[in-house]
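This is my_file31.pdb (PDB, C-alpha atoms, pLDDT in the B column).
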ATOM      1  CA  MET Q   1     -12.953  -0.034 -16.878  1.00 55.00           C
ATOM      2  CA  PRO Q   2     -11.283  -2.873 -14.952  1.00 61.00           C
ATOM      3  CA  LEU Q   3     -10.211  -2.058 -11.413  1.00 61.00           C
ATOM      4  CA  PRO Q   4      -7.560  -4.673 -10.552  1.00 61.00           C
ATOM      5  CA  PHE Q   5      -7.234  -3.586  -6.927  1.00 56.00           C
ATOM      6  CA  LEU Q   6     -10.814  -4.716  -6.295  1.00 58.00           C
ATOM      7  CA  THR Q   7     -10.028  -8.287  -7.344  1.00 56.00           C
ATOM      8  CA  ALA Q   8      -7.324  -8.939  -4.747  1.00 54.00           C
ATOM      9  CA  ASP Q   9      -9.648 -10.175  -1.978  1.00 54.00           C
ATOM     10  CA  ARG Q  10     -11.965 -11.916  -4.442  1.00 57.00           C
ATOM     11  CA  ALA Q  11      -9.074 -13.848  -5.989  1.00 54.00           C
ATOM     12  CA  PHE Q  12      -7.892 -14.795  -2.514  1.00 51.00           C
ATOM     13  CA  ASP Q  13     -11.357 -16.115  -1.589  1.00 54.00           C
ATOM     14  CA  GLU Q  14     -11.849 -18.038  -4.819  1.00 54.00           C
ATOM     15  CA  ALA Q  15      -8.453 -19.707  -4.686  1.00 49.00           C
ATOM     16  CA  ALA Q  16      -8.398 -20.648  -1.021  1.00 47.00           C
ATOM     17  CA  ASP Q  17      -6.737 -23.945  -1.851  1.00 46.00           C
ATOM     18  CA  THR Q  18      -3.660 -22.267  -3.348  1.00 51.00           C
ATOM     19  CA  ALA Q  19      -1.337 -20.057  -1.366  1.00 50.00           C
ATOM     20  CA  LEU Q  20      -0.620 -17.624  -4.194  1.00 54.00           C
ATOM     21  CA  PRO Q  21      -3.866 -17.118  -6.129  1.00 58.00           C
ATOM     22  CA  PHE Q  22      -2.466 -15.033  -9.004  1.00 61.00           C
ATOM     23  CA  ASP Q  23      -1.646 -16.421 -12.441  1.00 67.00           C
ATOM     24  CA  ASP Q  24       0.967 -13.862 -13.506  1.00 74.00           C
ATOM     25  CA  ARG Q  25       3.385 -13.670 -10.602  1.00 77.00           C
ATOM     26  CA  ASP Q  26       5.797 -11.348 -12.413  1.00 79.00           C
ATOM     27  CA  GLN Q  27       3.340  -8.466 -12.203  1.00 86.00           C
ATOM     28  CA  TRP Q  28       3.467  -6.254  -9.093  1.00 90.00           C
ATOM     29  CA  ARG Q  29       0.323  -6.788  -6.992  1.00 90.00           C
ATOM     30  CA  ARG Q  30      -1.024  -5.527  -3.704  1.00 90.00           C
ATOM     31  CA  PRO Q  31      -2.500  -8.640  -2.025  1.00 89.00           C
ATOM     32  CA  TYR Q  32      -5.238  -6.620  -0.315  1.00 90.00           C
ATOM     33  CA  ARG Q  33      -7.719  -3.873  -1.082  1.00 90.00           C
ATOM     34  CA  PRO Q  34      -7.040  -0.272  -0.119  1.00 91.00           C
ATOM     35  CA  GLY Q  35      -8.870   0.534   3.091  1.00 90.00           C
ATOM     36  CA  PRO Q  36     -11.840   2.871   3.486  1.00 90.00           C
ATOM     37  CA  TYR Q  37      -9.822   5.575   5.233  1.00 89.00           C
ATOM     38  CA  ARG Q  38      -7.257   5.711   2.434  1.00 91.00           C
ATOM     39  CA  VAL Q  39      -9.926   5.725  -0.268  1.00 93.00           C
ATOM     40  CA  GLY Q  40     -11.972   8.348   1.598  1.00 94.00           C
ATOM     41  CA  ALA Q  41      -8.971  10.662   1.984  1.00 94.00           C
ATOM     42  CA  ALA Q  42      -8.154  10.297  -1.712  1.00 95.00           C
ATOM     43  CA  ALA Q  43     -11.775  11.031  -2.627  1.00 96.00           C
ATOM     44  CA  LEU Q  44     -11.712  14.202  -0.534  1.00 97.00           C
ATOM     45  CA  LEU Q  45      -8.481  15.290  -2.221  1.00 97.00           C
ATOM     46  CA  LEU Q  46     -10.012  14.686  -5.639  1.00 97.00           C
ATOM     47  CA  LEU Q  47     -13.079  16.685  -4.606  1.00 97.00           C
ATOM     48  CA  LEU Q  48     -10.801  19.537  -3.545  1.00 97.00           C
ATOM     49  CA  ALA Q  49      -8.958  19.274  -6.870  1.00 97.00           C
ATOM     50  CA  SER Q  50     -12.231  19.568  -8.787  1.00 97.00           C
ATOM     51  CA  TYR Q  51     -13.052  22.796  -6.938  1.00 97.00           C
ATOM     52  CA  VAL Q  52      -9.582  24.169  -7.643  1.00 96.00           C
ATOM     53  CA  LEU Q  53      -9.881  23.244 -11.333  1.00 96.00           C
ATOM     54  CA  PHE Q  54     -13.294  24.909 -11.512  1.00 96.00           C
ATOM     55  CA  ALA Q  55     -11.823  28.021  -9.874  1.00 95.00           C
ATOM     56  CA  SER Q  56      -8.996  27.917 -12.405  1.00 96.00           C
ATOM     57  CA  VAL Q  57     -11.491  27.927 -15.282  1.00 95.00           C
ATOM     58  CA  ILE Q  58     -13.417  30.836 -13.763  1.00 96.00           C
ATOM     59  CA  ILE Q  59     -10.194  32.798 -13.244  1.00 95.00           C
ATOM     60  CA  ALA Q  60      -9.107  32.068 -16.814  1.00 95.00           C
ATOM     61  CA  VAL Q  61     -12.460  33.295 -18.182  1.00 95.00           C
ATOM     62  CA  ALA Q  62     -12.053  36.453 -16.097  1.00 93.00           C
ATOM     63  CA  GLY Q  63      -8.810  37.125 -17.957  1.00 89.00           C
ATOM     64  CA  ASP Q  64      -6.049  36.480 -15.392  1.00 90.00           C
ATOM     65  CA  THR Q  65      -4.105  33.647 -17.049  1.00 92.00           C
ATOM     66  CA  ALA Q  66      -1.195  33.709 -14.590  1.00 95.00           C
ATOM     67  CA  SER Q  67      -3.473  33.043 -11.600  1.00 94.00           C
ATOM     68  CA  ALA Q  68      -5.409  30.445 -13.595  1.00 95.00           C
ATOM     69  CA  THR Q  69      -2.149  28.663 -14.387  1.00 96.00           C
ATOM     70  CA  VAL Q  70      -1.164  28.656 -10.703  1.00 96.00           C
ATOM     71  CA  CYS Q  71      -4.562  27.199  -9.748  1.00 95.00           C
ATOM     72  CA  GLY Q  72      -4.281  24.583 -12.502  1.00 95.00           C
ATOM     73  CA  VAL Q  73      -0.813  23.519 -11.358  1.00 97.00           C
ATOM     74  CA  LEU Q  74      -2.040  23.334  -7.754  1.00 97.00           C
ATOM     75  CA  ALA Q  75      -4.906  21.086  -8.864  1.00 96.00           C
ATOM     76  CA  VAL Q  76      -2.481  18.810 -10.712  1.00 97.00           C
ATOM     77  CA  PHE Q  77      -0.391  18.478  -7.532  1.00 97.00           C
ATOM     78  CA  VAL Q  78      -3.485  17.644  -5.470  1.00 97.00           C
ATOM     79  CA  ILE Q  79      -4.539  15.001  -8.026  1.00 97.00           C
ATOM     80  CA  ALA Q  80      -1.024  13.520  -8.004  1.00 97.00           C
ATOM     81  CA  ALA Q  81      -1.109  13.405  -4.192  1.00 96.00           C
ATOM     82  CA  ALA Q  82      -4.464  11.585  -4.232  1.00 96.00           C
ATOM     83  CA  LEU Q  83      -3.188   9.010  -6.730  1.00 96.00           C
ATOM     84  CA  ARG Q  84      -0.001   8.479  -4.736  1.00 95.00           C
ATOM     85  CA  LEU Q  85      -2.073   8.022  -1.585  1.00 94.00           C
ATOM     86  CA  LEU Q  86      -4.023   5.254  -3.328  1.00 94.00           C
ATOM     87  CA  ARG Q  87      -0.807   3.632  -4.548  1.00 94.00           C
ATOM     88  CA  MET Q  88       0.753   3.402  -1.076  1.00 93.00           C
ATOM     89  CA  GLY Q  89       1.108  -0.040   0.482  1.00 91.00           C
ATOM     90  CA  THR Q  90       2.997  -3.290   0.135  1.00 92.00           C
ATOM     91  CA  TRP Q  91       3.283  -4.898  -3.284  1.00 93.00           C
ATOM     92  CA  VAL Q  92       4.637  -8.358  -4.159  1.00 91.00           C
ATOM     93  CA  SER Q  93       5.812 -10.105  -7.297  1.00 90.00           C
ATOM     94  CA  ALA Q  94       8.174 -12.904  -8.207  1.00 88.00           C
ATOM     95  CA  ARG Q  95      10.986 -10.325  -8.301  1.00 90.00           C
ATOM     96  CA  GLY Q  96      10.629  -9.130  -4.719  1.00 90.00           C
ATOM     97  CA  LEU Q  97       8.696  -7.135  -2.187  1.00 91.00           C
ATOM     98  CA  ARG Q  98       7.983  -3.422  -2.689  1.00 92.00           C
ATOM     99  CA  HIS Q  99       6.966  -1.004   0.077  1.00 91.00           C
ATOM    100  CA  VAL Q 100       5.442   2.133  -1.447  1.00 93.00           C
ATOM    101  CA  GLY Q 101       5.301   5.181   0.819  1.00 91.00           C
ATOM    102  CA  PHE Q 102       4.090   8.658  -0.009  1.00 92.00           C
ATOM    103  CA  PHE Q 103       7.545  10.056  -0.805  1.00 94.00           C
ATOM    104  CA  GLN Q 104       9.656   6.918  -1.123  1.00 94.00           C
ATOM    105  CA  THR Q 105       9.493   3.427  -2.603  1.00 93.00           C
ATOM    106  CA  ARG Q 106      11.725   0.593  -1.381  1.00 90.00           C
ATOM    107  CA  THR Q 107      12.077  -2.586  -3.392  1.00 90.00           C
ATOM    108  CA  THR Q 108      13.691  -5.584  -1.741  1.00 90.00           C
ATOM    109  CA  PRO Q 109      14.591  -8.576  -3.926  1.00 90.00           C
ATOM    110  CA  TRP Q 110      13.628 -11.934  -2.459  1.00 88.00           C
ATOM    111  CA  ALA Q 111      17.309 -12.854  -2.133  1.00 87.00           C
ATOM    112  CA  GLN Q 112      17.665 -10.117   0.518  1.00 87.00           C
ATOM    113  CA  VAL Q 113      14.564 -11.123   2.529  1.00 87.00           C
ATOM    114  CA  VAL Q 114      15.137 -13.205   5.656  1.00 85.00           C
ATOM    115  CA  THR Q 115      11.557 -13.236   6.913  1.00 86.00           C
ATOM    116  CA  ALA Q 116       8.319 -11.312   7.139  1.00 87.00           C
ATOM    117  CA  ARG Q 117       6.449 -11.894  10.374  1.00 88.00           C
ATOM    118  CA  THR Q 118       3.575 -10.446  12.384  1.00 90.00           C
ATOM    119  CA  VAL Q 119       4.502  -8.979  15.770  1.00 91.00           C
ATOM    120  CA  GLN Q 120       2.654  -7.231  18.592  1.00 92.00           C
ATOM    121  CA  GLN Q 121       4.060  -3.735  19.098  1.00 88.00           C
ATOM    122  CA  PRO Q 122       3.019  -0.104  19.432  1.00 89.00           C
ATOM    123  CA  VAL Q 123       1.915   1.141  16.008  1.00 90.00           C
ATOM    124  CA  ARG Q 124       0.988   4.557  14.699  1.00 88.00           C
ATOM    125  CA  TRP Q 125      -2.732   5.222  14.430  1.00 87.00           C
ATOM    126  CA  LEU Q 126      -3.574   6.252  10.819  1.00 79.00           C
ATOM    127  CA  GLY Q 127       0.043   7.358  10.368  1.00 79.00           C
ATOM    128  CA  LEU Q 128      -0.305  10.075  13.009  1.00 80.00           C
ATOM    129  CA  PRO Q 129       2.156  10.521  15.907  1.00 86.00           C
ATOM    130  CA  ARG Q 130      -0.237   8.823  18.344  1.00 86.00           C
ATOM    131  CA  ALA Q 131       0.811   5.224  19.015  1.00 86.00           C
ATOM    132  CA  VAL Q 132      -1.514   2.435  20.101  1.00 90.00           C
ATOM    133  CA  GLN Q 133      -0.932  -1.253  20.779  1.00 91.00           C
ATOM    134  CA  GLY Q 134      -1.494  -3.296  17.658  1.00 90.00           C
ATOM    135  CA  GLN Q 135      -0.025  -5.728  15.187  1.00 92.00           C
ATOM    136  CA  ALA Q 136       2.572  -5.028  12.554  1.00 91.00           C
ATOM    137  CA  LEU Q 137       3.966  -7.046   9.687  1.00 91.00           C
ATOM    138  CA  VAL Q 138       7.711  -6.458   9.751  1.00 90.00           C
ATOM    139  CA  LEU Q 139      10.322  -7.353   7.158  1.00 88.00           C
ATOM    140  CA  VAL Q 140      13.791  -8.528   8.195  1.00 85.00           C
ATOM    141  CA  ARG Q 141      16.390  -8.079   5.476  1.00 85.00           C
ATOM    142  CA  ARG Q 142      19.560 -10.130   5.090  1.00 81.00           C
ATOM    143  CA  ASP Q 143      21.847  -7.111   4.751  1.00 78.00           C
ATOM    144  CA  ARG Q 144      20.327  -5.303   7.771  1.00 70.00           C
ATOM    145  CA  GLN Q 145      19.743  -7.927  10.447  1.00 67.00           C
ATOM    146  CA  GLY Q 146      19.035  -5.401  13.228  1.00 64.00           C
ATOM    147  CA  ASP Q 147      16.684  -3.183  11.226  1.00 75.00           C
ATOM    148  CA  GLN Q 148      13.083  -4.125  10.635  1.00 82.00           C
ATOM    149  CA  LEU Q 149      10.938  -2.394   8.042  1.00 84.00           C
ATOM    150  CA  THR Q 150       7.269  -2.156   9.023  1.00 86.00           C
ATOM    151  CA  LEU Q 151       5.205  -3.159   5.988  1.00 87.00           C
ATOM    152  CA  LEU Q 152       1.653  -3.144   7.376  1.00 91.00           C
ATOM    153  CA  THR Q 153       0.009  -2.252  10.662  1.00 91.00           C
ATOM    154  CA  SER Q 154      -3.393  -3.108  12.044  1.00 91.00           C
ATOM    155  CA  HIS Q 155      -4.139   0.601  12.590  1.00 90.00           C
ATOM    156  CA  ASN Q 156      -3.121   2.194   9.280  1.00 89.00           C
ATOM    157  CA  GLY Q 157      -5.462   3.581   6.638  1.00 87.00           C
ATOM    158  CA  ASP Q 158      -5.958   0.173   5.049  1.00 89.00           C
ATOM    159  CA  PHE Q 159      -6.759  -1.970   8.091  1.00 90.00           C
ATOM    160  CA  LEU Q 160      -8.209   0.207  10.862  1.00 87.00           C
ATOM    161  CA  GLY Q 161     -11.327  -1.639  11.980  1.00 86.00           C
ATOM    162  CA  ARG Q 162     -10.641  -4.512   9.568  1.00 88.00           C
ATOM    163  CA  ALA Q 163      -8.772  -7.115  11.639  1.00 89.00           C
ATOM    164  CA  THR Q 164      -9.711  -9.971   9.304  1.00 91.00           C
ATOM    165  CA  ALA Q 165      -8.376  -8.085   6.287  1.00 92.00           C
ATOM    166  CA  PHE Q 166      -5.095  -7.418   8.122  1.00 91.00           C
ATOM    167  CA  ASP Q 167      -4.731 -11.109   9.012  1.00 92.00           C
ATOM    168  CA  ARG Q 168      -5.469 -12.130   5.429  1.00 93.00           C
ATOM    169  CA  ALA Q 169      -3.018  -9.604   3.935  1.00 92.00           C
ATOM    170  CA  SER Q 170      -0.214 -10.416   6.361  1.00 92.00           C
ATOM    171  CA  ASP Q 171      -0.730 -14.151   5.789  1.00 92.00           C
ATOM    172  CA  ALA Q 172      -0.582 -13.643   2.015  1.00 91.00           C
ATOM    173  CA  ILE Q 173       2.641 -11.648   2.229  1.00 91.00           C
ATOM    174  CA  GLU Q 174       4.154 -14.224   4.585  1.00 90.00           C
ATOM    175  CA  VAL Q 175       3.278 -16.986   2.094  1.00 90.00           C
ATOM    176  CA  TRP Q 176       4.925 -15.028  -0.731  1.00 89.00           C
ATOM    177  CA  THR Q 177       7.991 -14.629   1.498  1.00 89.00           C
ATOM    178  CA  GLU Q 178       8.155 -18.327   2.331  1.00 88.00           C
ATOM    179  CA  GLU Q 179       7.836 -19.336  -1.302  1.00 87.00           C
ATOM    180  CA  TYR Q 180      10.266 -16.894  -2.894  1.00 84.00           C
ATOM    181  CA  SER Q 181      12.925 -16.046  -0.298  1.00 78.00           C
ATOM    182  CA  PRO Q 182      15.943 -18.372  -0.266  1.00 78.00           C
ATOM    183  CA  GLN Q 183      16.278 -20.766   2.635  1.00 64.00           C
ATOM    184  CA  ARG Q 184      18.411 -19.530   5.534  1.00 55.00           C
TER     185      ARG Q 184
END
Structure re-expressed in structure tokens:
Amino acid sequence: MPLPFLTADRAFDEAADTALPFDDRDQWRRPYRPGPYRVGAAALLLLLASYVLFASVIIAVAGDTASATVCGVLAVFVIAAALRLLRMGTWVSARGLRHVGFFQTRTTPWAQVVTARTVQQPVRWLGLPRAVQGQALVLVRRDRQGDQLTLLTSHNGDFLGRATAFDRASDAIEVWTEEYSPQR
């Protein structure tokens, strides 16, 4: 089974001479791999879902179908949460830039993008309320000059402890921005 998210860094390494190493630029791509904290949290959720599904089967065999159905639905929600957690991040294509959060997805066409730049600022550590000094890749939109959308941080689940991966991902997104956003 092909796992396209594993090829993002490899394609970047192999095509170091080109700024945008992907052949099909119309397809939405995340230009970095999901980080170990994000993958580990999703794996724990899937492990929890397997226990809940097993409990659902045992409850169904015992004869209580209503409780088994509730457990089965709960397991489906936990599986959906794990998959959504893996899907979170910043995606790019020739059509625009997409920021996928847990509950919300924002797509910004390249015509609305002014710039994407890396800045030093306090960032949230693993998405928790605690803030630490770090780097963030922020997006400035044409229609909202004062507002900046934080796309990536150096201390989120994808890049905590992986400074080189953060630099590579932010550089790749900045290159996509320079190539596809209209000149100011």
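Considering all atoms listed in the file, the residue among Q:Tyr37, Q:Asp64, Q:Val113, Q:Arg30 positioned nearest to Arg87 of chain Q is Q:Arg30.
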Please evaluate the PyMOL selection byres ((chain Q and resi 114) around 7) against the displayed coordinates and give the resulting residues as a list of chain:residue names. Q:Gln112, Q:Val113, Q:Thr115, Q:Val140, Q:Arg141, Q:Arg142, Q:Ser181
Resulting file, chosen residues, C-alpha atoms, as a compact mmCIF listing (two decimals), in the coordinates of the input:
# COMPACT_ATOMS: atom_id res chain seq x y z
CA GLN Q 112 17.66 -10.12 0.52
CA VAL Q 113 14.56 -11.12 2.53
CA THR Q 115 11.56 -13.24 6.91
CA VAL Q 140 13.79 -8.53 8.20
CA ARG Q 141 16.39 -8.08 5.48
CA ARG Q 142 19.56 -10.13 5.09
CA SER Q 181 12.92 -16.05 -0.30
Ranking Q:Gly127, Q:Gly134, Q:Pro182, Q:Gly89 by minimum distance to Leu151 of chain Q and counting only C-alpha atoms, which one comes first? Q:Gly89
Could you spell out the hits of the PyMOL selection byres ((chain Q and resi 44-52) around 7) on the shown file, as a list of chain:residue names? Q:Gly40, Q:Ala41, Q:Ala42, Q:Ala43, Q:Leu53, Q:Phe54, Q:Ala55, Q:Ser56, Q:Cys71, Q:Ala75, Q:Val78, Q:Ile79, Q:Ala82
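Reported to one decimal place, the separation of atom CA of Tyr32 of chain Q from atom CA of Asp158 of chain Q is 8.7 Å.
The smallest atom-to-atom distance between Trp176 of chain Q and any of Q:Leu74, Q:Ala80, Q:Ala116, Q:Ala60, using only C-alpha atoms, is found for Q:Ala116.
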